[in-house]
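The block underneath contains the structure these notes are about, expressed in structure tokens.
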Amino acid sequence: MPPRRSYDQYCSAARALDVVGDRWTLLIVRELLAGPRRYTDLHADLPGVSTDVLASRLKDMERDGLAVRRRLPPPGAVFVYELTGRGRELLPVLQALGEWGRAELGERRPTDAVRAHWFALPLLRALEGGGVVEVRLEEGDFHVYAGSGDGPVYGDGPAPGEPDARLVLDTGTCTAIARGELRLADAVRDGRVEVTGDGPAAKALREG
């Protein structure tokens, strides 16, 4: 593989950007926080990226120790990409970047793509207590693992099994939470979010 480009600056921020500063890299990390993903799934959930660029970024991430490629055991027997421990350490980086970028979100443009699970990280910041929280939006369902350890941070679709809490809300409310205009606890209190379940997260939201 060609050598990694570098700013050649003895600065930790510059060194970090040497690794994750290329276009699409952090968004690939965002997708892989959901756990192992096939190349085709990554391409489908990263609208606008070319196949060549996606393949190149994934190779760079393997070289830099952020991700690995492996074959699932039968009956799946397909290749998937997943984050290493080093790659997972980028979660707070993405959360901080998302929080900083809330002021840039504004109104959704006609050209903006959207996936339901892109709201997972903003909601994860707002959740208290541990457990699996399922979220239902018009765009689709996703689930987050509040207080996640080494496993996935979120997943697309309904939660496996019975979640500790289930949230039902409209996209406008979810967008307001993502922008920082509305606290999740306030949205629950005002009846804009329906909460069901008996887990710690559901209890914390109802009492918040």
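Chain identifiers are assigned as A, B, and so on, following the order in which chains appear in the structure tokens; residues are numbered from 1 within each chain, and ligands are numbered from 1 in order of appearance.
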Within 8 Å of region 131-133 of chain A using only C-alpha atoms, minus same-chain residues under 5 positions, as a list in words: His143, Val144, Tyr145, Ala146, Gly147, Ala159, Pro163, Asp164, Ala165, Arg166, Leu167, Gly199, Pro200 and Ala201 of chain A
Write to file, as an mmCIF file, in the first residue's frame, the residues of the selection just made, with C-alpha atoms.
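Result saved to out27.cif:
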data_model
loop_
_atom_site.group_PDB
_atom_site.id
_atom_site.type_symbol
_atom_site.label_atom_id
_atom_site.label_comp_id
_atom_site.auth_asym_id
_atom_site.auth_seq_id
_atom_site.Cartn_x
_atom_site.Cartn_y
_atom_site.Cartn_z
ATOM 1 C CA HIS A 143 -31.591 0.542 18.781
ATOM 2 C CA VAL A 144 -28.778 1.812 20.975
ATOM 3 C CA TYR A 145 -26.779 0.121 23.697
ATOM 4 C CA ALA A 146 -26.603 2.637 26.534
ATOM 5 C CA GLY A 147 -23.502 2.072 28.630
ATOM 6 C CA ALA A 159 -33.723 -4.444 19.113
ATOM 7 C CA PRO A 163 -35.523 -3.876 24.891
ATOM 8 C CA ASP A 164 -35.101 -2.248 28.294
ATOM 9 C CA ALA A 165 -36.886 0.809 26.900
ATOM 10 C CA ARG A 166 -38.752 1.632 23.726
ATOM 11 C CA LEU A 167 -39.083 5.214 22.468
ATOM 12 C CA GLY A 199 -35.335 -1.085 32.417
ATOM 13 C CA PRO A 200 -33.077 1.554 33.995
ATOM 14 C CA ALA A 201 -33.134 3.753 30.895
#
When you draw a straight line from CA of Gly191 (chain A) to CA of Asp156 (chain A), how long is it in Å?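 Straight-line distance from CA of Gly191 (chain A) to CA of Asp156 (chain A) works out to 25.0 Å.
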Near region 48-53 of chain A, counting only C-alpha atoms, which residues have an atom at most 10 Å away, once you skip same-chain residues fewer than 6 positions from it, shown as a PDB file with C-alpha atoms, in the first residue's frame?
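The file below, part30.pdb, is the result:
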ATOM      1  CA  ARG A  23     -12.932  12.455   3.653  1.00  0.00           C
ATOM      2  CA  TRP A  24     -15.326   9.604   4.623  1.00  0.00           C
ATOM      3  CA  THR A  25     -13.078   7.941   7.224  1.00  0.00           C
ATOM      4  CA  TYR A  39     -18.957  -3.779   2.178  1.00  0.00           C
ATOM      5  CA  THR A  40     -22.312  -3.583   0.366  1.00  0.00           C
ATOM      6  CA  LEU A  42     -21.476   0.238   4.141  1.00  0.00           C
ATOM      7  CA  LYS A  59      -7.727  -0.444   3.280  1.00  0.00           C
ATOM      8  CA  ALA A 113     -29.871  11.874   2.625  1.00  0.00           C
TER       9      ALA A 113
END
With a distance cut-off of 12 Å and only C-alpha atoms, select the neighbouring residues of Leu17 (chain A), excluding the residue or stretch itself and same-chain residues fewer than 6 positions from it, and output the selection as an MDAnalysis selection string. chainID A and resid 4:11 23 25:26 93
Keeping N, CA and C atoms, export the residues of the selection given above as an mmCIF file, in the first residue's frame.
data_model
loop_
_atom_site.group_PDB
_atom_site.id
_atom_site.type_symbol
_atom_site.label_atom_id
_atom_site.label_comp_id
_atom_site.auth_asym_id
_atom_site.auth_seq_id
_atom_site.Cartn_x
_atom_site.Cartn_y
_atom_site.Cartn_z
ATOM 1 N N ARG A 4 1.159 6.404 4.073
ATOM 2 C CA ARG A 4 0.133 7.341 4.517
ATOM 3 C C ARG A 4 0.642 8.770 4.389
ATOM 4 N N ARG A 5 -0.214 9.655 3.912
ATOM 5 C CA ARG A 5 0.140 11.068 3.854
ATOM 6 C C ARG A 5 0.209 11.637 5.260
ATOM 7 N N SER A 6 1.060 12.605 5.448
ATOM 8 C CA SER A 6 1.233 13.165 6.779
ATOM 9 C C SER A 6 1.407 14.667 6.699
ATOM 10 N N TYR A 7 0.931 15.332 7.757
ATOM 11 C CA TYR A 7 1.189 16.767 7.875
ATOM 12 C C TYR A 7 2.635 17.035 8.306
ATOM 13 N N ASP A 8 3.314 15.971 8.768
ATOM 14 C CA ASP A 8 4.694 16.111 9.239
ATOM 15 C C ASP A 8 4.818 17.190 10.305
ATOM 16 N N GLN A 9 3.901 17.143 11.247
ATOM 17 C CA GLN A 9 3.939 18.067 12.383
ATOM 18 C C GLN A 9 3.940 17.250 13.665
ATOM 19 N N TYR A 10 4.849 17.591 14.577
ATOM 20 C CA TYR A 10 4.943 16.865 15.834
ATOM 21 C C TYR A 10 3.891 17.418 16.799
ATOM 22 N N CYS A 11 2.657 17.017 16.536
ATOM 23 C CA CYS A 11 1.482 17.498 17.270
ATOM 24 C C CYS A 11 0.473 16.363 17.269
ATOM 25 N N ARG A 23 -11.479 12.455 3.860
ATOM 26 C CA ARG A 23 -12.932 12.455 3.653
ATOM 27 C C ARG A 23 -13.472 11.035 3.726
ATOM 28 N N THR A 25 -13.592 8.880 6.231
ATOM 29 C CA THR A 25 -13.078 7.941 7.224
ATOM 30 C C THR A 25 -13.918 7.936 8.506
ATOM 31 N N LEU A 26 -14.201 9.105 9.065
ATOM 32 C CA LEU A 26 -14.965 9.136 10.314
ATOM 33 C C LEU A 26 -16.406 8.681 10.112
ATOM 34 N N VAL A 93 -14.836 10.859 20.195
ATOM 35 C CA VAL A 93 -14.436 11.863 19.205
ATOM 36 C C VAL A 93 -15.624 12.206 18.313
#
What does the distance from CA of Pro122 (chain A) to CA of Gly180 (chain A) come to in Å, to one decimal?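 Taking CA of Pro122 (chain A) as the start and CA of Gly180 (chain A) as the end point, the length is 8.9 Å.
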Neighbouring residues of Arg136 (chain A) were defined as those with any atom within 10 Å, considering only C-alpha atoms; residues of the same chain fewer than 2 positions away were excluded. Please report them as an MDAnalysis selection string. chainID A and resid 116 134 138:143 157:158 166:171 194
Could you give me, as a count of residues only, the residues within 12 Å of Asp190 (chain A), counting only C-alpha atoms and dropping anything in the same chain fewer than 6 positions from it? 8
According to DSSP computed on the backbone, where in chain A is there strand (DSSP E or B)? Give the residues as a ChimeraX atom specification. /A:37,67-71,79-83,131-137,140-146,154-156,165-169,193-196
So that I can check the surroundings of Pro36 (chain A), please list as an MDAnalysis selection string every protein, DNA and RNA residue that reaches within 7 Å of it, counting only C-alpha atoms and ignoring chain neighbours fewer than 6 positions away. chainID A and resid 80:82
For a quick check of understanding, using only C-alpha atoms, which of A:Glu31, A:Arg63, A:Ala185, A:Leu54 has the smallest distance to Ala126 (chain A)?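 Closest residue, counting only C-alpha atoms: A:Ala185.
Candidate residues A:Arg109, A:Arg86, A:Arg179, A:Arg70 were compared for distance to Arg38 (chain A), and the nearest is A:Arg70, using only C-alpha atoms.
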